[in-house]
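Novice: Here it is, the structure in full.
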Amino acid sequence: MFKKILLPIDNSELSEKAGEYAIASADLNGAKIIVLHVIDMPYLNSLPQQDLREKLDKQLRKEGKEAVDKFKRVIEDEKCAGNCKNIKLLTLIKKGKPEDVILETADELGVDHIIMGKSGKHNLEKFIIGSTTERVVRGAKVPVNVIS
């Protein structure tokens with residue numbers, strides 16, 4: 001039985017599917033879902049122009065807030081069509097290297113399960129499984145469900 005589920009999201013279709021799976025898992029167990037959106041700082045810092053970095057940072061923060069708010073709305077407003085009465089929710093937006101932030105957050109908050117999509121919005125670094133997802137699977141100290 002899981003008590004705390006970490007759900008990294010990025011506004012992708014697969015993170016939405018992972019969210020649905022997390023809702024079902026949390027409702028069955030009365031678990032808390034920790035929804036995490038990570039702003040990819042190494043990617044952002046690699047851009048050559050300061051004004052472009054600032055503009056993109058603002059956009060990425062906005063997208064992150066939209067992603068966590070969308071998930072929160074499903075839980076709080078729609079009540080998942082009556083299927084998620086037992087769910088407790090925490091939403092976070094953090095900055096850093098996504099896989100590092102995911103693993104650090106899992107350790108810091110004592111999660112006992114991670115549920116995430118196979119790959120995210122960006123197709124640049126993935127082949128069979130997204131590179132962030134692969135690194136999380138390899139580095140996690142708790143079970144990781146990868147949703148495809």
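Chain identifiers are assigned as A, B, and so on, following the order in which chains appear in the structure tokens; residues are numbered from 1 within each chain, and ligands are numbered from 1 in order of appearance.
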Please return as a ChimeraX atom specification: the residues of stretch 40-119 of chain A that backbone DSSP assigns to helix (DSSP H, G or I).
Specialist: /A:41-45,50-76,79-82,98-109
Novice: Write a file of the selected residues as a compact mmCIF listing (two decimals), in the first residue's frame, keeping N, CA and C atoms.
Specialist:
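Resulting contents of again.txt:
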```txt
# COMPACT_ATOMS: atom_id res chain seq x y z
N MET A 41 16.36 23.75 -15.87
CA MET A 41 17.34 24.83 -15.81
C MET A 41 18.57 24.60 -16.69
N PRO A 42 19.13 23.40 -16.76
CA PRO A 42 20.27 23.22 -17.65
C PRO A 42 19.94 23.59 -19.10
N TYR A 43 18.75 23.21 -19.54
CA TYR A 43 18.31 23.56 -20.89
C TYR A 43 18.19 25.06 -21.02
N LEU A 44 17.57 25.68 -20.05
CA LEU A 44 17.35 27.12 -20.06
C LEU A 44 18.67 27.88 -20.00
N ASN A 45 19.58 27.44 -19.16
CA ASN A 45 20.86 28.14 -19.00
C ASN A 45 21.79 27.96 -20.20
N GLN A 50 20.60 36.43 -22.62
CA GLN A 50 19.96 36.63 -21.34
C GLN A 50 18.47 36.95 -21.49
N ASP A 51 18.13 37.86 -22.41
CA ASP A 51 16.72 38.23 -22.57
C ASP A 51 15.87 37.05 -23.04
N LEU A 52 16.46 36.20 -23.87
CA LEU A 52 15.76 35.00 -24.33
C LEU A 52 15.55 34.03 -23.16
N ARG A 53 16.59 33.86 -22.32
CA ARG A 53 16.47 32.99 -21.14
C ARG A 53 15.36 33.49 -20.21
N GLU A 54 15.33 34.81 -19.99
CA GLU A 54 14.31 35.37 -19.10
C GLU A 54 12.91 35.19 -19.66
N LYS A 55 12.77 35.40 -20.95
CA LYS A 55 11.47 35.24 -21.61
C LYS A 55 11.01 33.78 -21.53
N LEU A 56 11.93 32.87 -21.82
CA LEU A 56 11.61 31.45 -21.79
C LEU A 56 11.34 30.98 -20.36
N ASP A 57 12.10 31.50 -19.39
CA ASP A 57 11.87 31.16 -17.99
C ASP A 57 10.45 31.54 -17.59
N LYS A 58 10.03 32.73 -17.97
CA LYS A 58 8.68 33.19 -17.66
C LYS A 58 7.64 32.27 -18.30
N GLN A 59 7.87 31.90 -19.56
CA GLN A 59 6.94 31.01 -20.26
C GLN A 59 6.89 29.62 -19.61
N LEU A 60 8.06 29.11 -19.23
CA LEU A 60 8.11 27.78 -18.61
C LEU A 60 7.43 27.78 -17.23
N ARG A 61 7.58 28.87 -16.49
CA ARG A 61 6.88 28.99 -15.20
C ARG A 61 5.37 28.98 -15.42
N LYS A 62 4.94 29.71 -16.44
CA LYS A 62 3.51 29.78 -16.77
C LYS A 62 2.99 28.39 -17.14
N GLU A 63 3.72 27.68 -17.99
CA GLU A 63 3.33 26.33 -18.40
C GLU A 63 3.28 25.39 -17.19
N GLY A 64 4.26 25.51 -16.31
CA GLY A 64 4.29 24.67 -15.12
C GLY A 64 3.09 24.92 -14.22
N LYS A 65 2.77 26.20 -14.02
CA LYS A 65 1.61 26.54 -13.20
C LYS A 65 0.33 26.02 -13.85
N GLU A 66 0.22 26.16 -15.16
CA GLU A 66 -0.95 25.64 -15.87
C GLU A 66 -1.07 24.13 -15.71
N ALA A 67 0.06 23.44 -15.79
CA ALA A 67 0.05 21.98 -15.68
C ALA A 67 -0.42 21.53 -14.30
N VAL A 68 0.14 22.11 -13.24
CA VAL A 68 -0.26 21.69 -11.90
C VAL A 68 -1.68 22.15 -11.58
N ASP A 69 -2.06 23.34 -12.06
CA ASP A 69 -3.42 23.82 -11.83
C ASP A 69 -4.45 22.94 -12.54
N LYS A 70 -4.12 22.49 -13.73
CA LYS A 70 -5.02 21.62 -14.48
C LYS A 70 -5.26 20.32 -13.72
N PHE A 71 -4.19 19.73 -13.21
CA PHE A 71 -4.33 18.50 -12.45
C PHE A 71 -5.11 18.75 -11.17
N LYS A 72 -4.81 19.84 -10.50
CA LYS A 72 -5.49 20.19 -9.25
C LYS A 72 -6.99 20.39 -9.50
N ARG A 73 -7.33 21.01 -10.62
CA ARG A 73 -8.72 21.23 -10.98
C ARG A 73 -9.47 19.91 -11.14
N VAL A 74 -8.82 18.95 -11.77
CA VAL A 74 -9.44 17.63 -11.94
C VAL A 74 -9.78 17.04 -10.58
N ILE A 75 -8.87 17.15 -9.65
CA ILE A 75 -9.07 16.58 -8.32
C ILE A 75 -10.11 17.39 -7.52
N GLU A 76 -9.92 18.70 -7.46
CA GLU A 76 -10.74 19.52 -6.58
C GLU A 76 -12.11 19.87 -7.16
N LYS A 79 -13.81 16.39 -9.05
CA LYS A 79 -13.85 15.24 -8.14
C LYS A 79 -13.75 13.92 -8.91
N CYS A 80 -13.11 13.97 -10.05
CA CYS A 80 -12.83 12.76 -10.84
C CYS A 80 -14.08 11.91 -11.03
N ALA A 81 -15.19 12.55 -11.30
CA ALA A 81 -16.47 11.86 -11.50
C ALA A 81 -16.80 10.98 -10.28
N GLY A 82 -16.43 11.45 -9.10
CA GLY A 82 -16.73 10.72 -7.88
C GLY A 82 -15.74 9.62 -7.54
N PRO A 98 15.71 17.97 -14.39
CA PRO A 98 14.49 17.24 -14.03
C PRO A 98 14.71 15.94 -13.26
N GLU A 99 15.58 15.06 -13.76
CA GLU A 99 15.73 13.79 -13.05
C GLU A 99 16.29 13.98 -11.65
N ASP A 100 17.21 14.94 -11.47
CA ASP A 100 17.77 15.21 -10.14
C ASP A 100 16.70 15.74 -9.19
N VAL A 101 15.89 16.68 -9.68
CA VAL A 101 14.85 17.27 -8.84
C VAL A 101 13.81 16.22 -8.46
N ILE A 102 13.45 15.36 -9.41
CA ILE A 102 12.47 14.30 -9.14
C ILE A 102 13.00 13.37 -8.04
N LEU A 103 14.23 12.91 -8.20
CA LEU A 103 14.81 11.99 -7.22
C LEU A 103 15.01 12.65 -5.86
N GLU A 104 15.47 13.90 -5.86
CA GLU A 104 15.66 14.62 -4.60
C GLU A 104 14.33 14.84 -3.89
N THR A 105 13.30 15.21 -4.66
CA THR A 105 11.98 15.43 -4.07
C THR A 105 11.42 14.13 -3.49
N ALA A 106 11.62 13.04 -4.20
CA ALA A 106 11.17 11.73 -3.70
C ALA A 106 11.82 11.42 -2.36
N ASP A 107 13.11 11.67 -2.24
CA ASP A 107 13.83 11.43 -0.99
C ASP A 107 13.38 12.40 0.11
N GLU A 108 13.33 13.69 -0.22
CA GLU A 108 12.98 14.72 0.76
C GLU A 108 11.59 14.49 1.37
N LEU A 109 10.65 14.11 0.54
CA LEU A 109 9.27 13.98 1.00
C LEU A 109 8.89 12.56 1.41
```
Novice: As a tab-separated table (two decimals) with C-alpha atoms, in the first residue's frame, please: the residues near A:Val137 (cut-off 10 Å, only C-alpha atoms, same-chain neighbours under 3 positions excluded).
Specialist:
```tsv
chain	number	residue	atom	x	y	z
A	99	GLU	CA	15.73	13.79	-13.05
A	103	LEU	CA	14.81	11.99	-7.22
A	114	ILE	CA	6.74	7.38	-8.44
A	116	MET	CA	5.44	9.12	-14.58
A	131	SER	CA	15.98	10.06	-20.97
A	132	THR	CA	14.62	11.72	-17.82
A	133	THR	CA	12.33	8.76	-17.16
A	134	GLU	CA	15.17	6.32	-17.70
A	140	ALA	CA	14.98	5.76	-7.68
A	141	LYS	CA	14.99	4.04	-4.30
A	142	VAL	CA	11.25	3.33	-4.61
A	143	PRO	CA	9.13	1.60	-7.27
A	144	VAL	CA	8.55	3.58	-10.45
A	145	ASN	CA	5.58	2.95	-12.72
A	146	VAL	CA	6.23	4.14	-16.26
```
Novice: So the first atom is atom CA of A:Gly110 and the second is atom CA of A:Gly139; what is the distance between them in Å, to one decimal place?
Specialist: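 Rounded to one decimal, the two atoms are 14.8 Å apart.
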Novice: If we count only C-alpha atoms and set the cut-off at 8 Å, which residues sit around A:Gly19, ignoring sequence neighbours fewer than 4 positions away in its own chain? Please answer as a PyMOL selection string.
Specialist: chain A and resi 7+9+15+23+71+115-116
Novice: As an NGL selection string, please: every residue in chain A that a backbone DSSP assignment puts in strand (DSSP E or B).
Specialist: :A and (4-8 or 32-40 or 88-96 or 113-117 or 144-147)
Novice: Got time to write the residues from that selection, N, CA and C atoms, as a compact mmCIF listing (two decimals), in the first residue's frame?
Specialist:
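Saved file result-v7.txt follows:
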```txt
# COMPACT_ATOMS: atom_id res chain seq x y z
N LYS A 4 2.44 7.86 -0.23
CA LYS A 4 2.79 9.09 -0.94
C LYS A 4 3.26 8.73 -2.34
N ILE A 5 2.57 9.30 -3.32
CA ILE A 5 2.90 9.05 -4.73
C ILE A 5 3.44 10.34 -5.33
N LEU A 6 4.60 10.27 -5.95
CA LEU A 6 5.16 11.43 -6.66
C LEU A 6 4.77 11.31 -8.12
N LEU A 7 4.18 12.38 -8.65
CA LEU A 7 3.72 12.43 -10.03
C LEU A 7 4.39 13.60 -10.75
N PRO A 8 5.53 13.36 -11.41
CA PRO A 8 6.14 14.42 -12.20
C PRO A 8 5.31 14.65 -13.47
N LYS A 32 -1.53 10.17 -0.73
CA LYS A 32 -1.33 11.57 -1.09
C LYS A 32 -0.59 11.59 -2.44
N ILE A 33 -1.04 12.44 -3.36
CA ILE A 33 -0.34 12.62 -4.63
C ILE A 33 0.43 13.93 -4.55
N ILE A 34 1.71 13.85 -4.83
CA ILE A 34 2.56 15.03 -4.89
C ILE A 34 2.82 15.29 -6.37
N VAL A 35 2.19 16.33 -6.89
CA VAL A 35 2.31 16.68 -8.30
C VAL A 35 3.50 17.63 -8.43
N LEU A 36 4.46 17.25 -9.27
CA LEU A 36 5.70 18.02 -9.41
C LEU A 36 5.93 18.40 -10.87
N HIS A 37 6.12 19.69 -11.09
CA HIS A 37 6.55 20.16 -12.40
C HIS A 37 7.95 20.75 -12.22
N VAL A 38 8.88 20.34 -13.10
CA VAL A 38 10.25 20.81 -13.00
C VAL A 38 10.59 21.68 -14.20
N ILE A 39 11.07 22.88 -13.93
CA ILE A 39 11.57 23.76 -14.98
C ILE A 39 13.01 23.35 -15.24
N ASP A 40 13.29 22.95 -16.45
CA ASP A 40 14.59 22.40 -16.86
C ASP A 40 15.63 23.52 -16.96
N LYS A 88 -5.46 13.09 -1.22
CA LYS A 88 -4.87 14.32 -0.70
C LYS A 88 -3.86 14.78 -1.74
N LEU A 89 -3.70 16.07 -1.90
CA LEU A 89 -2.91 16.60 -3.00
C LEU A 89 -1.95 17.69 -2.54
N LEU A 90 -0.72 17.62 -3.07
CA LEU A 90 0.28 18.67 -2.88
C LEU A 90 0.85 18.98 -4.26
N THR A 91 0.92 20.25 -4.63
CA THR A 91 1.50 20.62 -5.93
C THR A 91 2.77 21.43 -5.72
N LEU A 92 3.78 21.12 -6.53
CA LEU A 92 5.08 21.79 -6.44
C LEU A 92 5.58 22.17 -7.83
N ILE A 93 6.25 23.31 -7.91
CA ILE A 93 6.99 23.68 -9.11
C ILE A 93 8.41 23.98 -8.64
N LYS A 94 9.37 23.28 -9.22
CA LYS A 94 10.76 23.46 -8.83
C LYS A 94 11.60 23.66 -10.08
N LYS A 95 12.82 24.16 -9.87
CA LYS A 95 13.77 24.36 -10.96
C LYS A 95 14.96 23.43 -10.79
N GLY A 96 15.55 23.04 -11.91
CA GLY A 96 16.75 22.22 -11.86
C GLY A 96 16.79 21.23 -13.00
N HIS A 113 6.39 5.75 -3.95
CA HIS A 113 6.03 5.32 -5.30
C HIS A 113 6.13 6.54 -6.23
N ILE A 114 6.68 6.33 -7.42
CA ILE A 114 6.74 7.38 -8.44
C ILE A 114 5.97 6.86 -9.65
N ILE A 115 5.10 7.71 -10.18
CA ILE A 115 4.36 7.37 -11.39
C ILE A 115 4.63 8.48 -12.39
N MET A 116 5.13 8.10 -13.58
CA MET A 116 5.44 9.12 -14.58
C MET A 116 5.27 8.57 -15.99
N GLY A 117 5.13 9.48 -16.93
CA GLY A 117 5.00 9.10 -18.33
C GLY A 117 6.32 8.60 -18.89
N VAL A 144 8.94 2.60 -9.45
CA VAL A 144 8.55 3.58 -10.45
C VAL A 144 7.66 2.89 -11.47
N ASN A 145 6.45 3.43 -11.65
CA ASN A 145 5.58 2.95 -12.72
C ASN A 145 5.74 3.90 -13.89
N VAL A 146 6.07 3.36 -15.04
CA VAL A 146 6.23 4.14 -16.26
C VAL A 146 5.02 3.89 -17.14
N ILE A 147 4.31 4.96 -17.44
CA ILE A 147 3.05 4.87 -18.19
C ILE A 147 3.32 5.26 -19.64
```
